[in-house]
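Note sheet for the following structure.
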Amino acid sequence: MIKIIGEATEEMERAAEEAFSRLALEGDCLVEIEYMDKEDMRALNARTRGVDSATDVLSFPALDEIAPFTYENYPFEYDDMSGGVMLGSIVICREVAERQAEEYGHSAVREMTYLFVHGLLHLLGYDHEKEEDKTLMRAKEEEVLSAIGINR
């Protein structure tokens, strides 16, 4: 089970459950979600990635490898209070997300949920550096979104 720490929508909660199930993950984990305005996101992107522009989503993984989310596998990342392994943090810029939703012709809810799923997959070790990795990641994103009824 994935527990979201922070302000998550119902769609994000459902997407987290769906991703956990579809990826056949085991144990309990935690994901932090935060929101920033454009200027703060620009500064964070510049500081962490060396890119001086606002971006839609950034992910900060806490784990190097993914194994069943248990205290035994992750004694230092396990949060006793919440009862799960901390996967990391997802930071979303609402302003950029809303602009992108308009550009892509879909709802802000769909865009925010997509960005959450995208960030979550990064925390779980997915990336889009190589074309085949990008294809796999996009397929997983769309699979999760379709399963919860959020389509393009």
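So you can find residues: chains in the structure tokens are A, B, ... in the order shown, residues in each start at 1, and ligands are numbered from 1 in order.
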
Considering only C-alpha atoms, tabulate each residue of segment 114-140 of chain A that lies at most 12 Å from segment 14-18 of chain A along with its nearest interatomic pair and the corresponding distance in Å to one decimal; arrange the rows by chain and ascending residue number and present them as a tab-separated table.
residue	atom	partner	partner_atom	distance
A:Tyr114	CA	A:Ala15	CA	8.9
A:Leu115	CA	A:Ala15	CA	10.9
A:Phe116	CA	A:Ala15	CA	8.4
A:Val117	CA	A:Ala15	CA	6.8
A:His118	CA	A:Ala15	CA	10.6
A:Gly119	CA	A:Ala16	CA	10.9
A:Leu120	CA	A:Ala16	CA	7.9
A:Leu121	CA	A:Ala16	CA	9.9
A:Leu123	CA	A:Ala16	CA	12.0
A:Leu124	CA	A:Ala16	CA	11.6
A:Lys140	CA	A:Glu18	CA	10.6

Export all heavy atoms of the chosen residues as an mmCIF file, in the first residue's frame?
data_model
loop_
_atom_site.group_PDB
_atom_site.id
_atom_site.type_symbol
_atom_site.label_atom_id
_atom_site.label_comp_id
_atom_site.auth_asym_id
_atom_site.auth_seq_id
_atom_site.Cartn_x
_atom_site.Cartn_y
_atom_site.Cartn_z
ATOM 1 N N TYR A 114 -1.638 12.940 -13.779
ATOM 2 C CA TYR A 114 -0.560 12.434 -14.632
ATOM 3 C C TYR A 114 0.803 12.786 -14.032
ATOM 4 O O TYR A 114 1.705 11.945 -13.957
ATOM 5 C CB TYR A 114 -0.673 13.004 -16.050
ATOM 6 C CG TYR A 114 0.603 12.796 -16.826
ATOM 7 C CD1 TYR A 114 0.903 11.550 -17.370
ATOM 8 C CD2 TYR A 114 1.532 13.824 -16.959
ATOM 9 C CE1 TYR A 114 2.101 11.342 -18.043
ATOM 10 C CE2 TYR A 114 2.727 13.616 -17.626
ATOM 11 C CZ TYR A 114 3.009 12.382 -18.160
ATOM 12 O OH TYR A 114 4.190 12.173 -18.802
ATOM 13 N N LEU A 115 0.987 14.033 -13.620
ATOM 14 C CA LEU A 115 2.266 14.456 -13.054
ATOM 15 C C LEU A 115 2.590 13.685 -11.780
ATOM 16 O O LEU A 115 3.748 13.314 -11.549
ATOM 17 C CB LEU A 115 2.271 15.960 -12.796
ATOM 18 C CG LEU A 115 2.206 16.831 -14.050
ATOM 19 C CD1 LEU A 115 2.068 18.300 -13.670
ATOM 20 C CD2 LEU A 115 3.406 16.593 -14.951
ATOM 21 N N PHE A 116 1.577 13.422 -10.973
ATOM 22 C CA PHE A 116 1.782 12.616 -9.774
ATOM 23 C C PHE A 116 2.254 11.214 -10.151
ATOM 24 O O PHE A 116 3.226 10.704 -9.593
ATOM 25 C CB PHE A 116 0.500 12.552 -8.932
ATOM 26 C CG PHE A 116 0.614 11.576 -7.799
ATOM 27 C CD1 PHE A 116 1.317 11.914 -6.653
ATOM 28 C CD2 PHE A 116 0.052 10.315 -7.893
ATOM 29 C CE1 PHE A 116 1.462 10.992 -5.607
ATOM 30 C CE2 PHE A 116 0.180 9.400 -6.865
ATOM 31 C CZ PHE A 116 0.891 9.740 -5.718
ATOM 32 N N VAL A 117 1.575 10.578 -11.098
ATOM 33 C CA VAL A 117 1.952 9.222 -11.525
ATOM 34 C C VAL A 117 3.361 9.230 -12.122
ATOM 35 O O VAL A 117 4.172 8.351 -11.828
ATOM 36 C CB VAL A 117 0.924 8.651 -12.532
ATOM 37 C CG1 VAL A 117 1.420 7.350 -13.151
ATOM 38 C CG2 VAL A 117 -0.423 8.436 -11.845
ATOM 39 N N HIS A 118 3.645 10.230 -12.933
ATOM 40 C CA HIS A 118 4.979 10.363 -13.528
ATOM 41 C C HIS A 118 6.041 10.439 -12.425
ATOM 42 O O HIS A 118 7.048 9.720 -12.460
ATOM 43 C CB HIS A 118 5.011 11.615 -14.415
ATOM 44 C CG HIS A 118 6.304 11.810 -15.120
ATOM 45 N ND1 HIS A 118 6.598 11.193 -16.310
ATOM 46 C CD2 HIS A 118 7.397 12.567 -14.797
ATOM 47 C CE1 HIS A 118 7.822 11.555 -16.706
ATOM 48 N NE2 HIS A 118 8.315 12.390 -15.798
ATOM 49 N N GLY A 119 5.804 11.305 -11.450
ATOM 50 C CA GLY A 119 6.741 11.443 -10.330
ATOM 51 C C GLY A 119 6.866 10.169 -9.525
ATOM 52 O O GLY A 119 7.969 9.767 -9.122
ATOM 53 N N LEU A 120 5.754 9.498 -9.292
ATOM 54 C CA LEU A 120 5.754 8.246 -8.537
ATOM 55 C C LEU A 120 6.592 7.186 -9.248
ATOM 56 O O LEU A 120 7.383 6.472 -8.627
ATOM 57 C CB LEU A 120 4.319 7.755 -8.330
ATOM 58 C CG LEU A 120 4.148 6.439 -7.580
ATOM 59 C CD1 LEU A 120 4.731 6.525 -6.167
ATOM 60 C CD2 LEU A 120 2.666 6.053 -7.539
ATOM 61 N N LEU A 121 6.425 7.085 -10.559
ATOM 62 C CA LEU A 121 7.217 6.105 -11.312
ATOM 63 C C LEU A 121 8.708 6.416 -11.223
ATOM 64 O O LEU A 121 9.535 5.505 -11.133
ATOM 65 C CB LEU A 121 6.747 6.026 -12.760
ATOM 66 C CG LEU A 121 5.384 5.359 -12.957
ATOM 67 C CD1 LEU A 121 4.946 5.457 -14.419
ATOM 68 C CD2 LEU A 121 5.384 3.917 -12.491
ATOM 69 N N LEU A 123 10.134 7.723 -8.626
ATOM 70 C CA LEU A 123 10.526 7.255 -7.291
ATOM 71 C C LEU A 123 10.709 5.739 -7.261
ATOM 72 O O LEU A 123 11.480 5.222 -6.461
ATOM 73 C CB LEU A 123 9.479 7.661 -6.245
ATOM 74 C CG LEU A 123 9.269 9.152 -6.016
ATOM 75 C CD1 LEU A 123 8.250 9.370 -4.916
ATOM 76 C CD2 LEU A 123 10.569 9.870 -5.709
ATOM 77 N N LEU A 124 9.999 5.057 -8.139
ATOM 78 C CA LEU A 124 10.070 3.593 -8.197
ATOM 79 C C LEU A 124 11.117 3.090 -9.189
ATOM 80 O O LEU A 124 11.167 1.908 -9.501
ATOM 81 C CB LEU A 124 8.691 3.029 -8.552
ATOM 82 C CG LEU A 124 7.636 3.215 -7.461
ATOM 83 C CD1 LEU A 124 6.247 2.919 -7.998
ATOM 84 C CD2 LEU A 124 7.966 2.349 -6.248
ATOM 85 N N LYS A 140 3.217 2.692 -18.775
ATOM 86 C CA LYS A 140 2.806 2.493 -17.373
ATOM 87 C C LYS A 140 1.941 3.657 -16.902
ATOM 88 O O LYS A 140 0.940 3.452 -16.214
ATOM 89 C CB LYS A 140 4.032 2.348 -16.463
ATOM 90 C CG LYS A 140 4.853 1.110 -16.710
ATOM 91 C CD LYS A 140 4.114 -0.130 -16.298
ATOM 92 C CE LYS A 140 4.972 -1.361 -16.495
ATOM 93 N NZ LYS A 140 4.217 -2.594 -16.361
#

*Using the chain letters and numbers from this document, which residues of segment 16-143 of chain A does DSSP assign to helix (DSSP H, G or I), as a ChimeraX atom specification?*
/A:16-22,38-49,94-104,108-123,131-143

Keeping C-alpha atoms, export the residues of the selection given above as a PDB file, in the first residue's frame.
ATOM      1  CA  ALA A  16      -1.224   5.339  -6.168  1.00  0.00           C
ATOM      2  CA  GLU A  17      -3.271   2.246  -5.285  1.00  0.00           C
ATOM      3  CA  GLU A  18      -3.503   1.248  -8.938  1.00  0.00           C
ATOM      4  CA  ALA A  19       0.238   1.703  -9.550  1.00  0.00           C
ATOM      5  CA  PHE A  20       1.072  -0.316  -6.428  1.00  0.00           C
ATOM      6  CA  SER A  21      -1.163  -3.147  -7.610  1.00  0.00           C
ATOM      7  CA  ARG A  22      -0.154  -3.108 -11.294  1.00  0.00           C
ATOM      8  CA  LYS A  38       6.490  28.918 -10.530  1.00  0.00           C
ATOM      9  CA  GLU A  39       9.246  30.990  -8.957  1.00  0.00           C
ATOM     10  CA  ASP A  40       9.968  28.495  -6.175  1.00  0.00           C
ATOM     11  CA  MET A  41       9.892  25.626  -8.695  1.00  0.00           C
ATOM     12  CA  ARG A  42      12.295  27.512 -10.949  1.00  0.00           C
ATOM     13  CA  ALA A  43      14.682  28.015  -8.022  1.00  0.00           C
ATOM     14  CA  LEU A  44      14.413  24.356  -6.960  1.00  0.00           C
ATOM     15  CA  ASN A  45      15.000  23.160 -10.524  1.00  0.00           C
ATOM     16  CA  ALA A  46      18.034  25.443 -10.843  1.00  0.00           C
ATOM     17  CA  ARG A  47      19.451  24.301  -7.499  1.00  0.00           C
ATOM     18  CA  THR A  48      18.893  20.571  -7.984  1.00  0.00           C
ATOM     19  CA  ARG A  49      19.229  20.072 -11.743  1.00  0.00           C
ATOM     20  CA  ARG A  94       0.268  23.910 -10.175  1.00  0.00           C
ATOM     21  CA  GLU A  95       0.743  26.944 -12.441  1.00  0.00           C
ATOM     22  CA  VAL A  96       2.741  24.950 -14.998  1.00  0.00           C
ATOM     23  CA  ALA A  97       0.341  22.003 -14.716  1.00  0.00           C
ATOM     24  CA  GLU A  98      -2.694  24.223 -15.366  1.00  0.00           C
ATOM     25  CA  ARG A  99      -1.010  25.828 -18.390  1.00  0.00           C
ATOM     26  CA  GLN A 100      -0.080  22.405 -19.784  1.00  0.00           C
ATOM     27  CA  ALA A 101      -3.610  21.083 -19.265  1.00  0.00           C
ATOM     28  CA  GLU A 102      -4.917  23.963 -21.349  1.00  0.00           C
ATOM     29  CA  GLU A 103      -2.262  23.399 -24.046  1.00  0.00           C
ATOM     30  CA  TYR A 104      -2.991  19.650 -24.214  1.00  0.00           C
ATOM     31  CA  ALA A 108      -6.261  20.203 -14.769  1.00  0.00           C
ATOM     32  CA  VAL A 109      -7.257  17.138 -12.708  1.00  0.00           C
ATOM     33  CA  ARG A 110      -5.972  14.854 -15.463  1.00  0.00           C
ATOM     34  CA  GLU A 111      -2.705  16.806 -15.752  1.00  0.00           C
ATOM     35  CA  MET A 112      -2.079  16.919 -11.992  1.00  0.00           C
ATOM     36  CA  THR A 113      -2.823  13.198 -11.674  1.00  0.00           C
ATOM     37  CA  TYR A 114      -0.560  12.434 -14.632  1.00  0.00           C
ATOM     38  CA  LEU A 115       2.266  14.456 -13.054  1.00  0.00           C
ATOM     39  CA  PHE A 116       1.782  12.616  -9.774  1.00  0.00           C
ATOM     40  CA  VAL A 117       1.952   9.222 -11.525  1.00  0.00           C
ATOM     41  CA  HIS A 118       4.979  10.363 -13.528  1.00  0.00           C
ATOM     42  CA  GLY A 119       6.741  11.443 -10.330  1.00  0.00           C
ATOM     43  CA  LEU A 120       5.754   8.246  -8.537  1.00  0.00           C
ATOM     44  CA  LEU A 121       7.217   6.105 -11.312  1.00  0.00           C
ATOM     45  CA  HIS A 122      10.476   8.048 -11.013  1.00  0.00           C
ATOM     46  CA  LEU A 123      10.526   7.255  -7.291  1.00  0.00           C
ATOM     47  CA  GLU A 131      13.764   5.865 -25.916  1.00  0.00           C
ATOM     48  CA  GLU A 132      12.857   2.316 -24.807  1.00  0.00           C
ATOM     49  CA  ASP A 133      12.695   3.462 -21.164  1.00  0.00           C
ATOM     50  CA  LYS A 134      10.532   6.420 -22.177  1.00  0.00           C
ATOM     51  CA  THR A 135       8.163   4.116 -24.079  1.00  0.00           C
ATOM     52  CA  LEU A 136       7.852   1.790 -21.075  1.00  0.00           C
ATOM     53  CA  MET A 137       7.305   4.654 -18.635  1.00  0.00           C
ATOM     54  CA  ARG A 138       4.645   6.297 -20.828  1.00  0.00           C
ATOM     55  CA  ALA A 139       2.839   2.951 -21.172  1.00  0.00           C
ATOM     56  CA  LYS A 140       2.806   2.493 -17.373  1.00  0.00           C
ATOM     57  CA  GLU A 141       1.527   6.049 -16.882  1.00  0.00           C
ATOM     58  CA  GLU A 142      -1.324   5.578 -19.344  1.00  0.00           C
ATOM     59  CA  GLU A 143      -2.137   2.122 -17.956  1.00  0.00           C
TER      60      GLU A 143
END

*Take atom CA of Ile66 of chain A and atom CA of Gly125 of chain A and report the distance between them in Å, one decimal.*
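Going from atom CA of Ile66 of chain A over to atom CA of Gly125 of chain A covers 7.4 Å.
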
Which neighbours of Leu30 of chain A fall inside 6 Å, counting only C-alpha atoms, when residues of the same chain fewer than 4 positions from it are skipped, and could you give them as a compact mmCIF listing (two decimals) with C-alpha atoms, in the first residue's frame?
# COMPACT_ATOMS: atom_id res chain seq x y z
CA ILE A 2 1.14 3.53 -0.77
CA LYS A 3 0.25 6.27 1.69
CA ILE A 4 0.48 9.84 0.43
CA GLY A 84 5.98 2.39 5.90
CA VAL A 85 9.13 2.92 3.88
CA MET A 86 9.69 6.47 2.61
CA LEU A 87 9.93 6.37 -1.21

*All strand (DSSP E) positions in chain A, as number ranges by chain*: A: 2-5, 29-36, 57-61, 78-79, 84-93

*Measuring atom to atom with only C-alpha atoms, identify which of A:Ser146, A:Ser89, A:Asn151, A:Thr70 is nearest to Tyr35 of chain A.*
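Closest to Tyr35 of chain A of all the choices is A:Ser89.
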
*Tell me, in Å to one decimal, how far atom CA of Met36 of chain A is from atom CA of Ser107 of chain A.*
19.4 Å

*May I ask for the distance between atom CA of His128 of chain A and atom CA of Ser59 of chain A, given in Å to one decimal place?*
13.1 Å
